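Peer 1: Below is a structure I'd like to ask you about.
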Amino acid sequence: MNEQTTSVVVVGAGPVGCTLALELARHGVHCTVVERTTESTPHPKMDFLNARSMELLRRLGVSDAIREEGVGAQHPFDFHWIDRLGTPPITVWRYPSVSGMRERYREHNDGSAPWEPYQRLQGSLLERLLRERVRALPEAEVHEGTRVTSLTQDADGVELRLVDEQGRSRSVRASYVVGCDGAGSVVRRSIGIDSPSIAPPAPQRDVYFRSADPRLREHGRFFLGIAGRGLVLVSRDERDTWTASFPRTTDAHDDTDPVDDIRSRVGVDLRIDEVINVVDWEGTLAVAERYRSGRVFLAGDAAHQFFPTGGHGANTGIADAVDLGWKLAAVIRGWGGPRLLDSYEPERRPVAVFNREMSANLLDVWRRYFTLFGSGVSSAHLAGYLEQQSFQIDNVGIHFGYRYADSPVVHADDGTPPRWTWRGIVPTTWPGCRAPSVRLADGTELFDLLSTGYTLVDFTEEGAGKPLVDDATRAGIPMVHLPCADDHARTVWERDLVLVRPDQHVAWRASGAPYDWDAVLRRVTGRHR
């Protein structure tokens, strides 16, 4: 049995694992990707990319391809709460299309808008696109149709036993391993980390089908159609591909005709042209107790599992991958200290716990709607209740408002922490927050000028940041000096000197050179005690 050595083994080639591989490659680090399947998931799944994920993926050069594959920018993101197909909705939650969001963003240049709008995209298409990008990376070696059978680690590395589809086994030794292998993660089980759910598992059935029945569009287009008899319809491509999701019985031998189930729950004899796939799954609301054991880390669904409500699952995982990816690269390349890796869990796990609760929050609205509808509550009462809950859909603050203020690699600020709001982005350079997106006077987006490593954005007239960056460069830290003579951007960014991490979060800020710059560098690179 041959033994192979590599810097990082990524277990799982779904969107999170592929994002991690792309992030490592962005920093020049080789990885080996192990995936038990040879092709991307055949069914569409229930994924969409929020605006923060699109910002992170833009850094990796894949946002344009994602938009080409995704739903057209003109289509709305509306939720229709319905009694039965073919009758007017009980109420509608309205949210602008991508085009509408772009118009809104152009009206504001105060840091309160994202760099990129959200994007609707079938999960299977996203997985295929990202996997193709990873296969083409010179820094990545991809082993598809290969499963992990064992994992052991010592002080110097991790050894994995792999078996391919032909039954051939081999050993891989890595400096680090990241489990991106889903809710039933072999990696998580191998390192003995539990992922308890806050609610009992809920058996669900997803039916992926094609239908051109005009009643699906009779009262306008929608992203989600929530039927009172306990079914959620998802428009996958704004053409004829749909997902119907509904509870199933706990009977392991449940052979109910899924088409009959759909028709009874939408209240009409819906014409279904083709059933693509039927998938049974269990909904949970779980977050792993820990994200790390020694040299082994968890990301994505291996670390947290949510219901597909609120768009938190894959998006939380993509941000996990970016956060962990640049930190692993820093340590492997020698300029990052051990506290960088220590910071992954305290930065990302609180975000997952918050998003789990927000997923549960919206899930409760759905469940109450089904219960109230089934109990004969009038449409007027249902509409009134749902209209009060419509704030749930306009939740950009959840996606952009998470802060790494308690991170061991963020330099503390002595000012007053900024407020947080559900419906919007609070523009701030408070350390640990995402830096504000703002256009300069010549139309350039400031985010587009940030480097792969650290960027010291310098609004001083005398270029006070230049000697600081020279010091960092001499210490082997990848840092770029970015002078910015733009008064409006300076106002939005709040300080004369702002140090931005590779993931666009602020590591440190001040209005002048610090007394002990070396101490700042030690902290933000994780080399402090």
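Note on naming: chains are A, B, ... as they come in the structure tokens, residues start from 1 per chain, ligands start from 1 in the order shown.
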Please list as a PyMOL selection string every residue within 8 Å of A:Val396, counting only C-alpha atoms and excluding residues in the same chain fewer than 5 positions away.
Peer 2: chain A and resi 401+422-425
Peer 1: Tell me, as a compact mmCIF listing (two decimals) with N, CA, C and O atoms, in the first residue's frame, which residues lie within 8 Å of A:Val10, counting only C-alpha atoms; anything in the same chain fewer than 3 positions away does not count.
Peer 2:
```
# COMPACT_ATOMS: atom_id res chain seq x y z
N ALA A 13 -16.28 16.83 -1.51
CA ALA A 13 -16.14 17.77 -2.63
C ALA A 13 -17.47 18.43 -2.97
O ALA A 13 -17.77 18.68 -4.13
N GLY A 17 -16.40 21.92 0.66
CA GLY A 17 -15.08 21.35 0.44
C GLY A 17 -14.38 21.98 -0.75
O GLY A 17 -13.17 22.26 -0.71
N LEU A 20 -13.14 25.44 0.14
CA LEU A 20 -11.92 25.35 0.93
C LEU A 20 -10.72 25.08 0.03
O LEU A 20 -9.66 25.70 0.19
N ALA A 21 -10.86 24.16 -0.93
CA ALA A 21 -9.75 23.86 -1.84
C ALA A 21 -9.38 25.08 -2.66
O ALA A 21 -8.19 25.38 -2.88
N CYS A 31 -3.51 20.78 -1.73
CA CYS A 31 -4.40 19.94 -0.93
C CYS A 31 -4.81 18.72 -1.73
O CYS A 31 -4.69 18.68 -2.96
N THR A 32 -5.27 17.71 -1.01
CA THR A 32 -5.85 16.52 -1.62
C THR A 32 -7.32 16.47 -1.24
O THR A 32 -7.66 16.57 -0.05
N VAL A 33 -8.18 16.35 -2.24
CA VAL A 33 -9.62 16.30 -2.01
C VAL A 33 -10.09 14.87 -2.20
O VAL A 33 -9.81 14.24 -3.23
N VAL A 34 -10.79 14.34 -1.20
CA VAL A 34 -11.30 12.97 -1.24
C VAL A 34 -12.82 13.03 -1.25
O VAL A 34 -13.43 13.65 -0.36
N VAL A 177 -6.35 17.78 8.36
CA VAL A 177 -7.52 17.21 7.68
C VAL A 177 -8.72 18.08 8.02
O VAL A 177 -8.89 18.52 9.17
N VAL A 178 -9.56 18.33 7.00
CA VAL A 178 -10.80 19.07 7.22
C VAL A 178 -11.96 18.21 6.74
O VAL A 178 -12.02 17.83 5.56
N GLY A 179 -12.87 17.91 7.64
CA GLY A 179 -14.06 17.14 7.29
C GLY A 179 -15.15 18.06 6.77
O GLY A 179 -15.72 18.85 7.52
N CYS A 180 -15.41 17.98 5.46
CA CYS A 180 -16.52 18.70 4.82
C CYS A 180 -17.48 17.67 4.25
O CYS A 180 -18.05 17.86 3.16
```
Peer 1: One decimal, Å: what's the distance from atom CA of A:Gln153 over to atom CA of A:Val296, could you say?
Peer 2: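 That distance, rounded to one decimal, is 8.3 Å.
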Peer 1: Figure out the distance between atom CA of A:Gly512 and atom CA of A:Thr460, please, to one decimal in Å.
Peer 2: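 Computing the Euclidean distance for atom CA of A:Thr460 and atom CA of A:Gly512 yields 8.5 Å.
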Peer 1: Atom CA of A:Thr152 to atom CA of A:Val11: how many Å, to one decimal?
Peer 2: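 These two atoms are separated by 14.2 Å.
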Peer 1: Out of A:Val520, A:Leu499, A:Ile393, A:Leu440, which residue has the shortest atom-to-atom distance to A:Gly310 when counting only C-alpha atoms?
Peer 2: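 Among the listed residues, A:Ile393 lies closest to A:Gly310.
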